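Structure data follow from input08.tsv (TSV, C-alpha atoms):
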chain	number	residue	atom	x	y	z
A	1	MET	CA	40.43	-26.08	-23.21
A	2	PRO	CA	41.15	-22.35	-23.17
A	3	LEU	CA	38.29	-19.91	-23.17
A	4	PRO	CA	37.83	-17.87	-26.35
A	5	SER	CA	39.01	-14.28	-26.11
A	6	THR	CA	35.72	-13.09	-27.58
A	7	PHE	CA	32.27	-14.60	-27.49
A	8	GLU	CA	29.55	-13.61	-29.93
A	9	ILE	CA	26.20	-14.66	-28.53
A	10	GLU	CA	24.54	-14.39	-31.95
A	11	SER	CA	27.03	-16.78	-33.51
A	12	PRO	CA	25.52	-20.25	-34.04
A	13	TYR	CA	28.77	-22.03	-33.11
A	14	TRP	CA	28.17	-22.07	-29.36
A	15	LEU	CA	24.81	-23.75	-29.89
A	16	ARG	CA	26.49	-26.53	-31.85
A	17	ASN	CA	28.87	-27.16	-28.93
A	18	ILE	CA	25.99	-27.26	-26.45
A	19	ARG	CA	24.18	-29.71	-28.74
A	20	TRP	CA	27.15	-32.12	-28.57
A	21	ALA	CA	26.93	-32.06	-24.78
A	22	ALA	CA	23.16	-32.62	-24.91
A	23	ILE	CA	23.52	-35.56	-27.31
A	24	ALA	CA	26.11	-37.20	-25.06
A	25	GLY	CA	24.11	-36.50	-21.91
A	26	ILE	CA	20.86	-37.88	-23.28
A	27	ALA	CA	22.63	-40.98	-24.64
A	28	VAL	CA	24.20	-41.68	-21.24
A	29	LEU	CA	20.91	-41.14	-19.40
A	30	VAL	CA	18.96	-43.38	-21.79
A	31	ALA	CA	21.58	-46.12	-21.48
A	32	PHE	CA	21.54	-45.79	-17.69
A	33	ALA	CA	17.73	-45.96	-17.62
A	34	ARG	CA	17.83	-49.15	-19.69
A	35	ILE	CA	20.39	-50.66	-17.31
A	36	LEU	CA	18.05	-49.89	-14.41
A	37	GLY	CA	15.29	-51.76	-16.22
A	38	THR	CA	13.10	-48.92	-17.42
A	39	GLN	CA	10.87	-50.14	-20.23
A	40	PHE	CA	10.79	-47.85	-23.27
A	41	PRO	CA	12.04	-48.19	-26.83
A	42	SER	CA	15.58	-46.83	-26.70
A	43	SER	CA	16.57	-47.69	-30.29
A	44	PRO	CA	14.51	-44.85	-31.85
A	45	ILE	CA	16.02	-42.41	-29.36
A	46	PHE	CA	19.54	-43.44	-30.34
A	47	VAL	CA	18.57	-43.06	-34.02
A	48	VAL	CA	17.34	-39.52	-33.33
A	49	LEU	CA	20.55	-38.73	-31.44
A	50	GLY	CA	22.63	-40.15	-34.30
A	51	LEU	CA	20.77	-38.02	-36.84
A	52	LEU	CA	21.17	-34.98	-34.62
A	53	GLY	CA	24.91	-35.68	-34.42
A	54	LEU	CA	25.08	-35.98	-38.21
A	55	TRP	CA	23.19	-32.69	-38.49
A	56	ASN	CA	25.69	-31.10	-36.13
A	57	LEU	CA	28.58	-32.33	-38.28
A	58	LEU	CA	26.96	-30.98	-41.46
A	59	LEU	CA	26.21	-27.51	-40.08
A	60	PRO	CA	29.57	-25.91	-41.02
A	61	TRP	CA	29.18	-27.20	-44.58
A	62	ILE	CA	25.58	-25.94	-44.75
A	63	GLU	CA	26.63	-22.52	-43.52
A	64	HIS	CA	29.45	-22.31	-46.04
A	65	ARG	CA	27.51	-23.80	-48.98
A	66	PHE	CA	24.40	-21.68	-48.64
A	67	GLN	CA	26.01	-18.53	-47.22
A	68	ALA	CA	23.44	-18.50	-44.44
A	69	SER	CA	23.44	-15.61	-42.03
A	70	ALA	CA	23.94	-16.27	-38.33
A	71	LYS	CA	20.26	-15.55	-37.61
A	72	GLU	CA	19.05	-17.89	-40.36
A	73	LEU	CA	21.33	-20.66	-39.18
A	74	LEU	CA	20.32	-20.14	-35.56
A	75	PHE	CA	16.63	-20.34	-36.50
A	76	LEU	CA	17.24	-23.53	-38.49
A	77	GLN	CA	19.14	-25.06	-35.57
A	78	LEU	CA	16.40	-24.20	-33.08
A	79	VAL	CA	13.69	-25.72	-35.29
A	80	THR	CA	15.78	-28.87	-35.69
A	81	ASP	CA	16.41	-29.07	-31.94
A	82	LEU	CA	12.72	-28.66	-31.21
A	83	LEU	CA	11.80	-31.47	-33.60
A	84	ALA	CA	14.52	-33.73	-32.16
A	85	VAL	CA	13.35	-33.10	-28.58
A	86	THR	CA	9.80	-33.89	-29.68
A	87	LEU	CA	10.90	-37.24	-31.13
A	88	VAL	CA	12.92	-38.13	-28.02
A	89	LEU	CA	9.96	-37.27	-25.80
A	90	TRP	CA	7.57	-39.21	-28.03
A	91	HIS	CA	9.62	-42.38	-27.53
A	92	SER	CA	10.38	-41.92	-23.84
A	93	GLY	CA	7.24	-41.03	-21.97
A	94	GLY	CA	6.01	-37.70	-23.30
A	95	LEU	CA	5.78	-34.61	-21.14
A	96	LEU	CA	6.32	-36.61	-17.96
A	97	ASN	CA	9.93	-37.02	-19.07
A	98	PRO	CA	12.45	-34.55	-17.56
A	99	PHE	CA	13.69	-33.75	-21.09
A	100	ALA	CA	10.48	-31.75	-21.59
A	101	GLY	CA	12.37	-28.78	-20.15
A	102	PHE	CA	14.31	-28.57	-23.40
A	103	PHE	CA	11.18	-27.09	-25.00
A	104	ILE	CA	11.52	-24.13	-22.65
A	105	VAL	CA	15.25	-23.79	-23.28
A	106	THR	CA	14.65	-23.64	-27.04
A	107	MET	CA	12.04	-20.92	-26.65
A	108	LEU	CA	14.27	-18.95	-24.27
A	109	VAL	CA	17.16	-19.01	-26.72
A	110	SER	CA	14.89	-17.95	-29.57
A	111	GLY	CA	13.43	-15.14	-27.45
A	112	LEU	CA	16.89	-13.87	-26.62
A	113	LEU	CA	18.48	-14.09	-30.05
A	114	LEU	CA	15.79	-14.00	-32.73
A	115	ASN	CA	13.26	-11.34	-33.67
A	116	SER	CA	9.74	-11.49	-32.30
A	117	LEU	CA	8.19	-13.03	-35.43
A	118	LEU	CA	10.62	-15.97	-35.46
A	119	THR	CA	10.21	-16.40	-31.70
A	120	VAL	CA	6.43	-16.60	-32.08
A	121	PHE	CA	6.95	-19.18	-34.84
A	122	ILE	CA	9.20	-21.27	-32.54
A	123	ALA	CA	6.63	-20.99	-29.73
A	124	GLY	CA	3.84	-22.05	-32.10
A	125	LEU	CA	5.87	-24.99	-33.34
A	126	ALA	CA	6.61	-26.03	-29.76
A	127	THR	CA	2.89	-25.88	-29.01
A	128	LEU	CA	2.11	-28.07	-32.02
A	129	CYS	CA	4.85	-30.51	-31.01
A	130	VAL	CA	3.32	-30.99	-27.57
Could you render the structure as structure tokens?
Amino acid sequence: MPLPSTFEIESPYWLRNIRWAAIAGIAVLVAFARILGTQFPSSPIFVVLGLLGLWNLLLPWIEHRFQASAKELLFLQLVTDLLAVTLVLWHSGGLLNPFAGFFIVTMLVSGLLLNSLLTVFIAGLATLCV
């Protein structure tokens, strides 16, 4: 796949592509953990991943339909990601799970790309989710 000639960090498209990789990676790791005999309810995790994939498919339509700005769409994506990570962690061992690092990634992205008020909101939501 060729690299794009330009890359706009504030564009929400790159986050959507990263989300596809995260969905696939988490699905593979959960399936592998089940094969190894780890006992946790994997069905709810796959439901969350399926809903997250559906969300990812609907994002272009949402952007077009509601004429959302890049910042608004990025904020909405980060909130959704945070809630999805919370649900995955809830069903797979809580903060002892290695996926807990995704909380930090979400806050880092918001700190880099959103204004301070929205970043504080994301941090507060992450705190409530824990």
State, in Å with one decimal place, the distance from CA of Leu125 (chain A) to CA of Ile18 (chain A).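 These two atoms are separated by 21.4 Å.
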For region 51-57 of chain A, list every protein, DNA or RNA residue within 8 Å, evaluated using only C-alpha atoms, and leave out those in the same chain fewer than 6 positions away; present the list as a list in words.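 Here the qualifying residues turn out to be Arg16, Arg19, Trp20, Ile23 and Ala84 of chain A.
Taking CA of Leu95 (chain A) and CA of Arg34 (chain A) as the two end points, the separation is 18.9 Å.
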Top pick for closest residue to Ile122 (chain A), considering A:Leu87, A:Glu63, A:Leu96, A:Leu76 and counting all atoms listed in the file: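 Looking at the shortest contact to Ile122 (chain A), the residue is A:Leu76.
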Non-local contacts of Ala126 (chain A) (12 Å; all atoms listed in the file; under 6 positions in same chain excluded) as a short mmCIF file (atom, residue, chain, number, x, y, z; two decimals) with C-alpha atoms, in the coordinates of the input:
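Final file, result_18.cif:
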data_model
loop_
_atom_site.label_atom_id
_atom_site.label_comp_id
_atom_site.auth_asym_id
_atom_site.auth_seq_id
_atom_site.Cartn_x
_atom_site.Cartn_y
_atom_site.Cartn_z
CA LEU A 78 16.40 -24.20 -33.08
CA VAL A 79 13.69 -25.72 -35.29
CA THR A 80 15.78 -28.87 -35.69
CA ASP A 81 16.41 -29.07 -31.94
CA LEU A 82 12.72 -28.66 -31.21
CA LEU A 83 11.80 -31.47 -33.60
CA ALA A 84 14.52 -33.73 -32.16
CA VAL A 85 13.35 -33.10 -28.58
CA THR A 86 9.80 -33.89 -29.68
CA ALA A 100 10.48 -31.75 -21.59
CA GLY A 101 12.37 -28.78 -20.15
CA PHE A 102 14.31 -28.57 -23.40
CA PHE A 103 11.18 -27.09 -25.00
CA ILE A 104 11.52 -24.13 -22.65
CA VAL A 105 15.25 -23.79 -23.28
CA THR A 106 14.65 -23.64 -27.04
CA MET A 107 12.04 -20.92 -26.65
CA LEU A 108 14.27 -18.95 -24.27
CA SER A 110 14.89 -17.95 -29.57
CA THR A 119 10.21 -16.40 -31.70
CA VAL A 120 6.43 -16.60 -32.08
#
Separation of CA of Trp61 (chain A) from CA of Phe75 (chain A), in Å and rounded to one decimal: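 If I compute the distance from CA of Trp61 (chain A) to CA of Phe75 (chain A), I get 16.4 Å.
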Selection: 12 Å around Val28 (chain A), all atoms listed in the file, excl. self and same-chain fewer than 6 positions, as a PyMOL selection string: chain A and resi 21-22+34-35+42+45-46+49
Please determine, counting all atoms listed in the file, which residue among A:Gln39, A:Val47, A:Gly93, A:Pro60 has the shortest atom-to-atom distance to Gln77 (chain A).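 Ranking A:Gln39, A:Val47, A:Gly93, A:Pro60 by distance to Gln77 (chain A), first place goes to A:Pro60.
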